[in-house]
Amino acid sequence: MNNKRGKNIMKQCEMKKACDAIKKIDNLQDLDIIRRQFNLTHKALKAKKAKEVKATFSVGDKVNINTKKGVMKGTVKKINRTRAVCIINDSSFNVPFSIMEVA
């Protein structure tokens, strides 16, 4: 199936099979192997996403920062590995890329 819905259905089926297989594991050695592989895959996917998001920002960009108190406007001063230093109301803040968007 080529549409998005078809791919999601396929993934749900694969996910159920994987969960069922994990439930059948009866020893800690095999479960530890699964856990290590899960952690490695999770780390790789997270790094890939961070790299993609990081590539969308440049020093000097005007950004909107979604906080609990609402949306704040700032300017990117420096880009670090997982966060950007943003100037908001003449103060510097370390802001995670996940709550930033280009204004």
# chains A, B, ... in the order shown; residues from 1 in each chain; ligands from 1
call {"tool": "residues_around", "arguments": {"residues": "Met72 in chain A", "least_positions_apart": "6", "cutoff": "9 Å", "atoms": "only C-alpha atoms", "output": "VMD selection string"}}
result
chain A and resid 63 to 66 88
call {"tool": "residues_around", "arguments": {"residues": "Ala84 in chain A", "least_positions_apart": "2", "cutoff": "7 Å", "atoms": "only C-alpha atoms", "output": "list in words"}}
result
Val76, Lys78, Ile79, Asn80, Cys86, Asn94, Val95, Pro96 and Phe97 of chain A
call {"tool": "select_by_dssp", "arguments": {"residues": "range 23-94 of chain A", "states": "strand (DSSP E)", "output": "compact mmCIF listing (two decimals) with N, CA and C atoms, in the first residue's frame"}}
result
# COMPACT_ATOMS: atom_id res chain seq x y z
N LYS A 62 15.24 34.83 13.81
CA LYS A 62 14.18 35.19 14.75
C LYS A 62 13.36 33.92 14.98
N VAL A 63 13.11 33.58 16.24
CA VAL A 63 12.40 32.35 16.56
C VAL A 63 11.26 32.60 17.53
N ASN A 64 10.27 31.73 17.46
CA ASN A 64 9.20 31.67 18.45
C ASN A 64 9.53 30.51 19.37
N ILE A 65 9.41 30.72 20.66
CA ILE A 65 9.72 29.70 21.65
C ILE A 65 8.44 29.40 22.42
N ASN A 66 8.00 28.15 22.31
CA ASN A 66 6.75 27.74 22.95
C ASN A 66 7.02 27.31 24.38
N THR A 67 6.60 28.12 25.34
CA THR A 67 6.81 27.83 26.76
C THR A 67 5.47 27.59 27.44
N GLY A 70 3.38 30.64 27.39
CA GLY A 70 2.97 31.14 26.08
C GLY A 70 4.14 31.21 25.12
N VAL A 71 3.92 31.84 24.00
CA VAL A 71 4.95 31.96 22.97
C VAL A 71 5.79 33.20 23.24
N MET A 72 7.11 33.00 23.25
CA MET A 72 8.04 34.11 23.43
C MET A 72 8.84 34.27 22.14
N LYS A 73 9.23 35.49 21.85
CA LYS A 73 10.03 35.76 20.65
C LYS A 73 11.47 35.99 21.06
N GLY A 74 12.38 35.44 20.27
CA GLY A 74 13.80 35.61 20.56
C GLY A 74 14.63 35.55 19.31
N THR A 75 15.94 35.67 19.50
CA THR A 75 16.90 35.62 18.40
C THR A 75 17.98 34.61 18.76
N VAL A 76 18.35 33.76 17.80
CA VAL A 76 19.38 32.75 18.04
C VAL A 76 20.75 33.44 18.08
N LYS A 77 21.46 33.23 19.19
CA LYS A 77 22.79 33.82 19.37
C LYS A 77 23.88 32.79 19.06
N LYS A 78 23.64 31.54 19.47
CA LYS A 78 24.63 30.48 19.30
C LYS A 78 23.90 29.15 19.20
N ILE A 79 24.43 28.24 18.38
CA ILE A 79 23.82 26.92 18.25
C ILE A 79 24.76 25.89 18.87
N ARG A 83 20.85 22.33 22.06
CA ARG A 83 20.11 23.54 22.41
C ARG A 83 20.70 24.74 21.69
N ALA A 84 19.95 25.81 21.68
CA ALA A 84 20.45 27.07 21.12
C ALA A 84 20.41 28.13 22.21
N VAL A 85 21.41 29.00 22.20
CA VAL A 85 21.39 30.14 23.11
C VAL A 85 20.58 31.22 22.39
N CYS A 86 19.49 31.63 23.03
CA CYS A 86 18.60 32.63 22.44
C CYS A 86 18.54 33.86 23.32
N ILE A 87 18.46 35.01 22.67
CA ILE A 87 18.29 36.28 23.38
C ILE A 87 16.80 36.57 23.43
N ILE A 88 16.27 36.65 24.66
CA ILE A 88 14.86 36.96 24.87
C ILE A 88 14.81 38.11 25.87
N SER A 91 18.06 39.00 27.63
CA SER A 91 18.66 37.97 28.47
C SER A 91 18.94 36.74 27.62
N SER A 92 20.00 35.99 27.96
CA SER A 92 20.34 34.77 27.23
C SER A 92 19.74 33.55 27.92
N PHE A 93 19.18 32.65 27.11
CA PHE A 93 18.60 31.42 27.63
C PHE A 93 19.04 30.25 26.76
N ASN A 94 19.29 29.09 27.39
CA ASN A 94 19.54 27.86 26.65
C ASN A 94 18.18 27.25 26.34
call {"tool": "atom_distance", "arguments": {"atom1": "CA of His42 in chain A", "atom2": "CA of Thr56 in chain A"}}
result
21.9 Å
call {"tool": "closest_residue", "arguments": {"among": "A:Ile9, A:Met100, A:Val59, A:Ala50", "to": "Arg81 in chain A", "atoms": "only C-alpha atoms"}}
result
A:Ala50
call {"tool": "decode", "arguments": {"residues": "range 26-42 of chain A", "atoms": "N, CA and C atoms", "output": "short mmCIF file (atom, residue, chain, number, x, y, z; two decimals), in the first residue's frame"}}
result
data_model
loop_
_atom_site.label_atom_id
_atom_site.label_comp_id
_atom_site.auth_asym_id
_atom_site.auth_seq_id
_atom_site.Cartn_x
_atom_site.Cartn_y
_atom_site.Cartn_z
N ASP A 26 11.69 -15.62 27.84
CA ASP A 26 11.62 -16.20 29.18
C ASP A 26 12.95 -16.19 29.93
N ASN A 27 13.95 -15.45 29.41
CA ASN A 27 15.21 -15.36 30.14
C ASN A 27 15.79 -13.94 30.03
N LEU A 28 16.57 -13.58 31.02
CA LEU A 28 17.08 -12.22 31.10
C LEU A 28 18.15 -11.90 30.05
N GLN A 29 18.93 -12.90 29.64
CA GLN A 29 19.97 -12.65 28.65
C GLN A 29 19.36 -12.15 27.34
N ASP A 30 18.33 -12.83 26.87
CA ASP A 30 17.67 -12.41 25.62
C ASP A 30 17.00 -11.04 25.79
N LEU A 31 16.40 -10.83 26.94
CA LEU A 31 15.74 -9.55 27.19
C LEU A 31 16.76 -8.40 27.24
N ASP A 32 17.95 -8.67 27.79
CA ASP A 32 19.01 -7.66 27.82
C ASP A 32 19.48 -7.32 26.41
N ILE A 33 19.56 -8.31 25.53
CA ILE A 33 19.94 -8.06 24.14
C ILE A 33 18.91 -7.16 23.48
N ILE A 34 17.64 -7.45 23.70
CA ILE A 34 16.56 -6.62 23.14
C ILE A 34 16.65 -5.20 23.68
N ARG A 35 16.88 -5.07 24.98
CA ARG A 35 16.97 -3.75 25.61
C ARG A 35 18.12 -2.94 25.04
N ARG A 36 19.29 -3.58 24.89
CA ARG A 36 20.45 -2.87 24.33
C ARG A 36 20.17 -2.40 22.90
N GLN A 37 19.56 -3.28 22.09
CA GLN A 37 19.27 -2.89 20.71
C GLN A 37 18.24 -1.77 20.67
N PHE A 38 17.23 -1.85 21.54
CA PHE A 38 16.22 -0.80 21.62
C PHE A 38 16.89 0.54 21.95
N ASN A 39 17.76 0.54 22.95
CA ASN A 39 18.43 1.78 23.37
C ASN A 39 19.30 2.35 22.26
N LEU A 40 20.03 1.49 21.54
CA LEU A 40 20.87 1.96 20.44
C LEU A 40 20.02 2.57 19.32
N THR A 41 18.93 1.90 18.97
CA THR A 41 18.06 2.40 17.92
C THR A 41 17.40 3.70 18.34
N HIS A 42 16.95 3.77 19.58
CA HIS A 42 16.32 4.98 20.11
C HIS A 42 17.29 6.16 20.06
#
